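Dropping structure_12.cif in here (mmCIF, C-alpha atoms):
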data_model
loop_
_atom_site.group_PDB
_atom_site.id
_atom_site.type_symbol
_atom_site.label_atom_id
_atom_site.label_comp_id
_atom_site.auth_asym_id
_atom_site.auth_seq_id
_atom_site.Cartn_x
_atom_site.Cartn_y
_atom_site.Cartn_z
ATOM 1 C CA MET A 1 50.611 174.768 -34.268
ATOM 2 C CA GLY A 2 49.099 172.806 -37.124
ATOM 3 C CA LEU A 3 49.438 173.000 -40.865
ATOM 4 C CA SER A 4 47.701 175.363 -43.217
ATOM 5 C CA TYR A 5 47.883 175.331 -46.977
ATOM 6 C CA THR A 6 46.588 177.145 -49.997
ATOM 7 C CA PHE A 7 46.296 176.028 -53.601
ATOM 8 C CA ASP A 8 46.698 178.292 -56.569
ATOM 9 C CA ARG A 9 46.886 177.629 -60.290
ATOM 10 C CA LYS A 10 48.844 179.432 -62.972
ATOM 11 C CA LYS A 11 48.347 177.954 -66.456
ATOM 12 C CA ASP A 12 49.181 174.263 -66.101
ATOM 13 C CA VAL A 13 51.009 174.663 -62.791
ATOM 14 C CA LEU A 14 49.455 173.862 -59.420
ATOM 15 C CA ILE A 15 51.054 175.932 -56.665
ATOM 16 C CA VAL A 16 50.864 174.442 -53.179
ATOM 17 C CA ARG A 17 51.865 176.815 -50.378
ATOM 18 C CA LEU A 18 52.402 175.179 -47.004
ATOM 19 C CA ALA A 19 52.663 176.881 -43.621
ATOM 20 C CA GLY A 20 53.244 175.397 -40.170
ATOM 21 C CA GLU A 21 54.039 171.827 -39.203
ATOM 22 C CA LEU A 22 53.791 168.894 -41.596
ATOM 23 C CA ASP A 23 53.657 165.592 -39.706
ATOM 24 C CA HIS A 24 51.642 162.366 -39.982
ATOM 25 C CA HIS A 25 48.596 163.926 -38.337
ATOM 26 C CA GLU A 26 48.505 166.847 -40.765
ATOM 27 C CA SER A 27 49.553 164.851 -43.812
ATOM 28 C CA GLU A 28 46.286 162.933 -44.168
ATOM 29 C CA ALA A 29 44.069 165.941 -44.873
ATOM 30 C CA LEU A 30 46.720 167.575 -47.027
ATOM 31 C CA ARG A 31 47.027 164.434 -49.131
ATOM 32 C CA SER A 32 43.332 164.169 -49.903
ATOM 33 C CA GLU A 33 42.902 167.869 -50.767
ATOM 34 C CA TRP A 34 46.068 167.944 -52.817
ATOM 35 C CA LYS A 35 44.969 164.863 -54.776
ATOM 36 C CA ASP A 36 41.579 166.458 -55.414
ATOM 37 C CA MET A 37 43.202 169.630 -56.701
ATOM 38 C CA MET A 38 45.404 167.672 -59.080
ATOM 39 C CA TYR A 39 42.554 165.739 -60.616
ATOM 40 C CA LYS A 40 39.955 168.492 -60.696
ATOM 41 C CA SER A 41 42.058 171.170 -62.338
ATOM 42 C CA PRO A 42 43.881 170.955 -65.661
ATOM 43 C CA VAL A 43 47.408 170.920 -64.258
ATOM 44 C CA LYS A 44 50.577 169.148 -65.270
ATOM 45 C CA HIS A 45 53.263 170.521 -62.968
ATOM 46 C CA VAL A 46 53.425 171.223 -59.243
ATOM 47 C CA VAL A 47 55.316 173.971 -57.419
ATOM 48 C CA LEU A 48 55.593 173.251 -53.713
ATOM 49 C CA ASN A 49 56.401 176.298 -51.595
ATOM 50 C CA PHE A 50 57.995 175.585 -48.176
ATOM 51 C CA LYS A 51 58.664 179.182 -47.173
ATOM 52 C CA ASP A 52 56.524 179.076 -44.031
ATOM 53 C CA VAL A 53 57.024 175.460 -42.990
ATOM 54 C CA SER A 54 58.454 175.327 -39.474
ATOM 55 C CA PHE A 55 58.573 171.554 -39.030
ATOM 56 C CA MET A 56 58.489 168.457 -41.198
ATOM 57 C CA ASP A 57 59.238 164.763 -40.660
ATOM 58 C CA SER A 58 59.258 161.608 -42.791
ATOM 59 C CA SER A 59 55.459 161.673 -43.111
ATOM 60 C CA GLY A 60 55.889 164.867 -45.129
ATOM 61 C CA LEU A 61 58.389 163.107 -47.363
ATOM 62 C CA GLY A 62 55.799 160.377 -47.925
ATOM 63 C CA VAL A 63 53.122 162.806 -49.100
ATOM 64 C CA ILE A 64 55.562 164.573 -51.418
ATOM 65 C CA LEU A 65 56.765 161.286 -52.931
ATOM 66 C CA GLY A 66 53.160 160.193 -53.424
ATOM 67 C CA ARG A 67 52.278 163.358 -55.356
ATOM 68 C CA TYR A 68 55.575 163.195 -57.256
ATOM 69 C CA LYS A 69 54.489 159.851 -58.700
ATOM 70 C CA GLU A 70 51.188 161.372 -59.819
ATOM 71 C CA VAL A 71 52.928 164.356 -61.411
ATOM 72 C CA LEU A 72 55.111 161.924 -63.348
ATOM 73 C CA GLN A 73 52.011 160.166 -64.663
ATOM 74 C CA LEU A 74 50.714 163.526 -65.875
ATOM 75 C CA GLY A 75 53.998 163.967 -67.727
ATOM 76 C CA GLY A 76 54.867 166.940 -65.566
ATOM 77 C CA GLU A 77 57.525 168.052 -63.173
ATOM 78 C CA MET A 78 57.589 168.813 -59.451
ATOM 79 C CA VAL A 79 59.569 171.829 -58.302
ATOM 80 C CA VAL A 80 60.096 172.729 -54.656
ATOM 81 C CA CYS A 81 61.033 176.218 -53.533
ATOM 82 C CA SER A 82 62.064 178.319 -50.526
ATOM 83 C CA ILE A 83 63.202 175.299 -48.531
ATOM 84 C CA PRO A 84 64.392 176.032 -44.969
ATOM 85 C CA PRO A 85 67.766 174.414 -44.045
ATOM 86 C CA SER A 86 66.223 171.935 -41.586
ATOM 87 C CA ILE A 87 63.899 170.561 -44.259
ATOM 88 C CA LYS A 88 66.654 170.560 -46.852
ATOM 89 C CA ARG A 89 68.522 168.065 -44.644
ATOM 90 C CA LEU A 90 65.589 165.638 -44.783
ATOM 91 C CA PHE A 91 65.368 166.016 -48.556
ATOM 92 C CA ASP A 92 69.095 165.292 -48.845
ATOM 93 C CA MET A 93 68.787 162.237 -46.620
ATOM 94 C CA ALA A 94 65.941 160.829 -48.699
ATOM 95 C CA GLY A 95 67.665 161.647 -52.004
ATOM 96 C CA LEU A 96 64.678 163.746 -53.049
ATOM 97 C CA PHE A 97 66.753 166.282 -54.953
ATOM 98 C CA LYS A 98 67.558 163.537 -57.450
ATOM 99 C CA ILE A 99 63.946 163.612 -58.586
ATOM 100 C CA VAL A 100 62.568 167.052 -57.749
ATOM 101 C CA ARG A 101 64.182 170.333 -58.676
ATOM 102 C CA SER A 102 64.726 172.995 -56.043
ATOM 103 C CA GLU A 103 64.458 176.722 -56.736
ATOM 104 C CA GLU A 104 65.183 179.663 -54.490
ATOM 105 C CA SER A 105 61.763 181.277 -54.791
ATOM 106 C CA GLU A 106 58.277 180.633 -56.099
ATOM 107 C CA GLN A 107 58.904 183.156 -58.856
ATOM 108 C CA PHE A 108 62.008 181.295 -60.088
ATOM 109 C CA ALA A 109 60.159 177.991 -59.829
ATOM 110 C CA LEU A 110 57.293 179.300 -61.971
ATOM 111 C CA GLN A 111 59.674 180.853 -64.501
ATOM 112 C CA SER A 112 61.498 177.542 -64.815
ATOM 113 C CA LEU A 113 58.194 175.951 -65.811
ATOM 114 C CA GLY A 114 57.538 178.619 -68.384
ATOM 115 C CA VAL A 115 55.034 180.639 -66.351
ATOM 116 C CA ALA A 116 55.661 184.338 -65.890
ATOM 117 C CA SER A 117 54.368 185.404 -62.498
ATOM 118 C CA MET B 1 72.621 166.913 -12.471
ATOM 119 C CA LYS B 2 70.059 164.368 -13.546
ATOM 120 C CA ASN B 3 66.536 165.381 -14.427
ATOM 121 C CA GLU B 4 63.829 163.199 -15.846
ATOM 122 C CA MET B 5 60.238 163.256 -16.996
ATOM 123 C CA TYR B 6 57.695 160.682 -18.020
ATOM 124 C CA VAL B 7 54.463 161.097 -19.927
ATOM 125 C CA GLU B 8 51.885 158.672 -21.242
ATOM 126 C CA PHE B 9 49.302 159.512 -23.878
ATOM 127 C CA SER B 10 46.719 157.963 -26.211
ATOM 128 C CA SER B 11 47.799 156.603 -29.583
ATOM 129 C CA LEU B 12 46.167 159.491 -31.449
ATOM 130 C CA SER B 13 47.959 161.285 -34.254
ATOM 131 C CA GLN B 14 47.269 164.706 -32.722
ATOM 132 C CA ASN B 15 49.597 163.624 -29.903
ATOM 133 C CA GLU B 16 52.571 163.569 -32.293
ATOM 134 C CA SER B 17 52.920 167.335 -31.983
ATOM 135 C CA PHE B 18 52.105 167.179 -28.262
ATOM 136 C CA ALA B 19 54.969 164.716 -27.736
ATOM 137 C CA ARG B 20 57.610 166.646 -29.656
ATOM 138 C CA VAL B 21 56.664 170.016 -28.169
ATOM 139 C CA THR B 22 56.702 168.536 -24.648
ATOM 140 C CA VAL B 23 60.160 167.034 -25.128
ATOM 141 C CA ALA B 24 61.445 170.273 -26.692
ATOM 142 C CA ALA B 25 60.201 172.256 -23.691
ATOM 143 C CA PHE B 26 61.906 169.866 -21.279
ATOM 144 C CA VAL B 27 65.198 169.762 -23.204
ATOM 145 C CA SER B 28 65.281 173.575 -23.507
ATOM 146 C CA GLN B 29 66.771 173.863 -20.007
ATOM 147 C CA LEU B 30 70.038 172.487 -21.454
ATOM 148 C CA ASP B 31 70.117 175.424 -23.866
ATOM 149 C CA PRO B 32 70.375 173.320 -27.067
ATOM 150 C CA THR B 33 71.087 174.896 -30.460
ATOM 151 C CA MET B 34 68.146 175.376 -32.834
ATOM 152 C CA ASP B 35 69.467 172.506 -34.970
ATOM 153 C CA GLU B 36 69.663 170.170 -31.981
ATOM 154 C CA LEU B 37 66.156 171.081 -30.905
ATOM 155 C CA THR B 38 64.817 170.447 -34.416
ATOM 156 C CA GLU B 39 66.610 167.088 -34.526
ATOM 157 C CA ILE B 40 65.161 166.030 -31.179
ATOM 158 C CA LYS B 41 61.650 167.125 -32.176
ATOM 159 C CA THR B 42 61.982 165.219 -35.439
ATOM 160 C CA VAL B 43 63.066 161.933 -33.839
ATOM 161 C CA VAL B 44 60.265 162.128 -31.252
ATOM 162 C CA SER B 45 57.802 162.691 -34.060
ATOM 163 C CA GLU B 46 59.192 159.714 -36.002
ATOM 164 C CA ALA B 47 59.156 157.299 -33.070
ATOM 165 C CA VAL B 48 55.662 158.307 -31.893
ATOM 166 C CA THR B 49 54.322 158.095 -35.455
ATOM 167 C CA ASN B 50 55.818 154.590 -35.764
ATOM 168 C CA ALA B 51 54.120 153.542 -32.513
ATOM 169 C CA ILE B 52 50.750 154.856 -33.757
ATOM 170 C CA ILE B 53 50.844 153.568 -37.327
ATOM 171 C CA HIS B 54 52.874 150.382 -37.018
ATOM 172 C CA GLY B 55 52.695 149.429 -33.341
ATOM 173 C CA TYR B 56 48.977 150.060 -32.960
ATOM 174 C CA ASN B 57 47.841 149.952 -36.604
ATOM 175 C CA SER B 58 46.256 153.420 -36.125
ATOM 176 C CA GLU B 59 43.879 152.198 -33.392
ATOM 177 C CA PRO B 60 43.252 155.143 -31.070
ATOM 178 C CA HIS B 61 42.581 153.451 -27.725
ATOM 179 C CA HIS B 62 46.141 152.391 -26.814
ATOM 180 C CA LYS B 63 48.857 154.108 -24.791
ATOM 181 C CA ILE B 64 52.303 155.339 -25.713
ATOM 182 C CA ALA B 65 54.894 155.975 -23.005
ATOM 183 C CA LEU B 66 57.612 158.558 -23.439
ATOM 184 C CA SER B 67 60.428 159.294 -21.055
ATOM 185 C CA CYS B 68 63.250 161.788 -21.274
ATOM 186 C CA VAL B 69 66.321 161.867 -19.062
ATOM 187 C CA LEU B 70 68.793 164.738 -19.032
ATOM 188 C CA ASN B 71 72.154 163.801 -17.610
ATOM 189 C CA ASN B 72 75.364 165.823 -17.984
ATOM 190 C CA GLY B 73 74.220 167.390 -21.214
ATOM 191 C CA GLU B 74 73.058 164.107 -22.664
ATOM 192 C CA VAL B 75 69.472 163.634 -23.766
ATOM 193 C CA GLU B 76 68.117 160.137 -23.390
ATOM 194 C CA LEU B 77 64.744 159.368 -24.960
ATOM 195 C CA THR B 78 62.656 156.238 -24.627
ATOM 196 C CA ILE B 79 59.417 155.734 -26.549
ATOM 197 C CA ARG B 80 57.471 152.577 -25.847
ATOM 198 C CA ASP B 81 54.336 150.965 -27.197
ATOM 199 C CA GLU B 82 52.679 147.670 -26.361
ATOM 200 C CA GLY B 83 51.591 146.987 -29.910
ATOM 201 C CA ARG B 84 52.224 144.330 -32.517
ATOM 202 C CA GLY B 85 56.028 144.533 -32.439
ATOM 203 C CA ILE B 86 58.493 144.421 -35.327
ATOM 204 C CA ASP B 87 59.127 141.050 -37.007
ATOM 205 C CA ASN B 88 62.408 142.000 -38.634
ATOM 206 C CA ILE B 89 64.217 144.918 -36.980
ATOM 207 C CA PRO B 90 67.187 145.196 -39.408
ATOM 208 C CA GLN B 91 64.729 145.349 -42.319
ATOM 209 C CA ALA B 92 62.583 147.964 -40.563
ATOM 210 C CA ARG B 93 65.679 150.119 -40.086
ATOM 211 C CA GLU B 94 66.680 149.993 -43.775
ATOM 212 C CA PRO B 95 66.325 153.309 -45.619
ATOM 213 C CA LEU B 96 63.168 153.480 -47.765
ATOM 214 C CA TYR B 97 61.768 150.218 -46.387
ATOM 215 C CA THR B 98 58.133 150.434 -45.324
ATOM 216 C CA SER B 99 55.672 147.757 -44.292
ATOM 217 C CA LYS B 100 52.834 150.080 -45.287
ATOM 218 C CA PRO B 101 53.474 151.418 -48.818
ATOM 219 C CA ASP B 102 49.701 151.842 -49.281
ATOM 220 C CA LEU B 103 49.769 154.596 -46.642
ATOM 221 C CA GLU B 104 52.410 156.523 -48.604
ATOM 222 C CA ARG B 105 55.027 156.076 -45.933
ATOM 223 C CA SER B 106 58.461 157.197 -47.052
ATOM 224 C CA GLY B 107 60.321 154.498 -45.123
ATOM 225 C CA MET B 108 62.727 157.125 -43.825
ATOM 226 C CA GLY B 109 61.728 157.210 -40.138
ATOM 227 C CA PHE B 110 64.498 155.071 -38.653
ATOM 228 C CA THR B 111 67.088 156.515 -41.048
ATOM 229 C CA ILE B 112 66.276 160.011 -39.825
ATOM 230 C CA ILE B 113 66.410 158.857 -36.201
ATOM 231 C CA GLU B 114 69.827 157.249 -36.764
ATOM 232 C CA ASN B 115 71.140 160.374 -38.458
ATOM 233 C CA PHE B 116 69.961 162.745 -35.752
ATOM 234 C CA MET B 117 70.863 160.755 -32.631
ATOM 235 C CA ASP B 118 74.196 159.378 -31.335
ATOM 236 C CA SER B 119 72.817 155.963 -30.452
ATOM 237 C CA VAL B 120 69.590 154.161 -31.308
ATOM 238 C CA GLU B 121 68.465 150.871 -29.831
ATOM 239 C CA VAL B 122 65.294 149.095 -30.918
ATOM 240 C CA ILE B 123 63.892 146.387 -28.677
ATOM 241 C CA SER B 124 60.833 144.588 -29.963
ATOM 242 C CA SER B 125 59.002 141.344 -29.636
ATOM 243 C CA PRO B 126 55.968 140.257 -31.670
ATOM 244 C CA LYS B 127 52.627 141.010 -29.949
ATOM 245 C CA LYS B 128 54.394 142.560 -26.942
ATOM 246 C CA GLY B 129 55.463 145.876 -28.332
ATOM 247 C CA THR B 130 58.417 148.022 -29.271
ATOM 248 C CA THR B 131 60.763 150.229 -27.292
ATOM 249 C CA VAL B 132 63.018 152.746 -29.020
ATOM 250 C CA HIS B 133 65.847 154.025 -26.873
ATOM 251 C CA MET B 134 67.975 156.902 -28.145
ATOM 252 C CA THR B 135 70.699 159.166 -26.806
ATOM 253 C CA LYS B 136 72.219 162.419 -27.962
ATOM 254 C CA GLN B 137 74.986 164.479 -26.416
ATOM 255 C CA LEU B 138 74.375 168.197 -26.871
ATOM 256 C CA SER B 139 77.270 170.160 -28.347
ATOM 257 C CA LYS B 140 77.300 173.008 -25.847
ATOM 258 C CA SER B 141 77.452 170.662 -22.882
ATOM 259 C CA LYS B 142 80.273 168.774 -24.602
ATOM 260 C CA THR B 143 82.366 171.947 -24.726
ATOM 261 C CA VAL B 144 81.687 172.663 -21.069
ATOM 262 C CA LEU B 145 82.812 169.164 -20.108
ATOM 263 C CA LYS B 146 86.206 169.653 -21.793
#
Represent the structure of the file as structure tokens.
Amino acid sequence: MGLSYTFDRKKDVLIVRLAGELDHHESEALRSEWKDMMYKSPVKHVVLNFKDVSFMDSSGLGVILGRYKEVLQLGGEMVVCSIPPSIKRLFDMAGLFKIVRSEESEQFALQSLGVAS
Amino acid sequence: MKNEMYVEFSSLSQNESFARVTVAAFVSQLDPTMDELTEIKTVVSEAVTNAIIHGYNSEPHHKIALSCVLNNGEVELTIRDEGRGIDNIPQAREPLYTSKPDLERSGMGFTIIENFMDSVEVISSPKKGTTVHMTKQLSKSKTVLK
């Protein structure tokens, strides 16, 4: 089982919905498409939806941290949502919740960024 | 009862999922919890990724050896490469340290391995390769042993 992802935009928010397994192998393609989306569309914030992610390792953390730095440069905020418990543990370990906000659902995440969904 | 398996595969990133799924299938006979299975899959993924990226510098034509031994409810994993080796093991094991920041590595691989396993041993010599040896006692088997 690999990784699939879709990008969506609402106002100045890029929504990234991930599904499947995010490891080193899958992270390379995700990184390049995600970067493209951030530079080609007029976005400031990112909402990262983990609802359908069944596996992630430290390579996933690397991609998220990389995009986090870019979001900061845009003056925006990164919000993650619908995080499964197993992935939450990795986020805790890496101290990621100190820099990205976590919301229960995509809807809450969008509302927190001032976008009604 | 002791049961073991050994598998060797090319240093290709698509084998990261192959390795963790293979180990998960083998360990399943001990009836691990979902959390334990996720932890084991994660550490296999971390160690194999390290072998590919750091041991072999992402060159695809090398081999990675993986063995798994099940013994009295304990899972013993060994992942070995014959790559460049680690110059400074304590530094490599530090949280957030990475020798390849340009590749957007989080530097969390060894930290995750240490958190998810009971023991972790890293044996490495420059130009000869790296062996990561890890053990984990499964909770269910622990209860049975009492």
Tell me the residues of chain A close to chain B, meaning within 9 Å using all atoms listed in the file, as a ChimeraX atom specification. /A:1-2,21,23-26,55-63,65-66,86,90,93-94
Could you expand the PyMOL selection byres ((chain A and resi 37) around 12) into the explicit residues it covers here, written as an NGL selection string? :A and (6-9 or 13-16 or 30-36 or 38-46 or 67 or 70)
Within 7 Å of (65.0, 165.7, -13.7) (coordinates as in the file), grab all the protein and nucleic acid residues, counting only C-alpha atoms, and write them out as a PDB file with C-alpha atoms, keeping the file's coordinate frame.
ATOM      1  CA  LYS B   2      70.059 164.368 -13.546  1.00  0.00           C
ATOM      2  CA  ASN B   3      66.536 165.381 -14.427  1.00  0.00           C
ATOM      3  CA  GLU B   4      63.829 163.199 -15.846  1.00  0.00           C
ATOM      4  CA  MET B   5      60.238 163.256 -16.996  1.00  0.00           C
ATOM      5  CA  VAL B  69      66.321 161.867 -19.062  1.00  0.00           C
ATOM      6  CA  LEU B  70      68.793 164.738 -19.032  1.00  0.00           C
TER       7      LEU B  70
END
Skip Val53 in chain A itself and residues of its chain fewer than 3 positions away, then list as a ChimeraX atom specification all residues within 10 Å of it, counting only C-alpha atoms. /A:3-5,17-22,49-50,56,82-84,86-87
Interatomic distance, CA of Thr98 in chain B to CA of Ala24 in chain B (Å, one decimal): 27.4 Å
Place a sphere of radius 8 Å on (73.5, 164.6, -27.4) in the file coordinates and name every protein, DNA or RNA residue with an atom inside or on its surface, counting all atoms listed in the file; give the answer as number ranges by chain. B: 73-75, 117-118, 135-139
Just say which residues the PyMOL selection byres ((chain B and resi 88) around 12) picks in this file, as a CSV table (one decimal) with C-alpha atoms, in the frame of the given file.
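The file below, expr17.csv, is the result:
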chain,number,residue,atom,x,y,z
B,85,GLY,CA,56.0,144.5,-32.4
B,86,ILE,CA,58.5,144.4,-35.3
B,87,ASP,CA,59.1,141.0,-37.0
B,89,ILE,CA,64.2,144.9,-37.0
B,90,PRO,CA,67.2,145.2,-39.4
B,91,GLN,CA,64.7,145.3,-42.3
B,92,ALA,CA,62.6,148.0,-40.6
B,93,ARG,CA,65.7,150.1,-40.1
B,94,GLU,CA,66.7,150.0,-43.8
B,97,TYR,CA,61.8,150.2,-46.4
B,98,THR,CA,58.1,150.4,-45.3
B,99,SER,CA,55.7,147.8,-44.3
B,122,VAL,CA,65.3,149.1,-30.9
B,123,ILE,CA,63.9,146.4,-28.7
B,124,SER,CA,60.8,144.6,-30.0
B,125,SER,CA,59.0,141.3,-29.6
B,126,PRO,CA,56.0,140.3,-31.7
B,130,THR,CA,58.4,148.0,-29.3
Answer key for the PyMOL selection byres ((chain B and resi 78-84) around 6), residues as a list in words: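 That selection, the PyMOL selection byres ((chain B and resi 78-84) around 6), comes back as Ala51, Gly55, Tyr56, Ile64, Ala65, Leu66, Ser67, Leu77, Gly85, Pro126, Lys127, Lys128, Gly129, Thr130, Thr131, Val132 and His133 of chain B.
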Rounded to one decimal, what separation in Å do you get between CA of Arg20 in chain B and CA of Ser102 in chain A?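 Computed distance, CA of Arg20 in chain B to CA of Ser102 in chain A, equals 28.1 Å.
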What does the distance from CA of Leu37 in chain B to CA of Phe9 in chain B come to in Å, to one decimal? 21.6 Å
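For Val115 in chain A, the list of residues within 10 Å, based on only C-alpha atoms and with local chain neighbours fewer than 3 positions off taken out, reads A:Lys10, A:Lys11, A:Asp12, A:Val13, A:Gln107, A:Phe108, A:Ala109, A:Leu110, A:Gln111, A:Ser112.
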Dump C-alpha atoms of range 48-60 of chain B from the given block, as an mmCIF file, in the first residue's frame.
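part-v1.cif was written with the following content:
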data_model
loop_
_atom_site.group_PDB
_atom_site.id
_atom_site.type_symbol
_atom_site.label_atom_id
_atom_site.label_comp_id
_atom_site.auth_asym_id
_atom_site.auth_seq_id
_atom_site.Cartn_x
_atom_site.Cartn_y
_atom_site.Cartn_z
ATOM 1 C CA VAL B 48 16.130 0.197 6.474
ATOM 2 C CA THR B 49 15.769 3.850 5.449
ATOM 3 C CA ASN B 50 19.013 4.649 7.310
ATOM 4 C CA ALA B 51 20.801 1.824 5.472
ATOM 5 C CA ILE B 52 19.560 3.128 2.097
ATOM 6 C CA ILE B 53 20.130 6.846 2.604
ATOM 7 C CA HIS B 54 23.134 6.930 4.912
ATOM 8 C CA GLY B 55 24.784 3.525 4.539
ATOM 9 C CA TYR B 56 24.551 3.397 0.757
ATOM 10 C CA ASN B 57 24.056 7.091 -0.069
ATOM 11 C CA SER B 58 20.888 6.142 -2.027
ATOM 12 C CA GLU B 59 22.805 3.923 -4.479
ATOM 13 C CA PRO B 60 20.421 1.173 -5.581
#
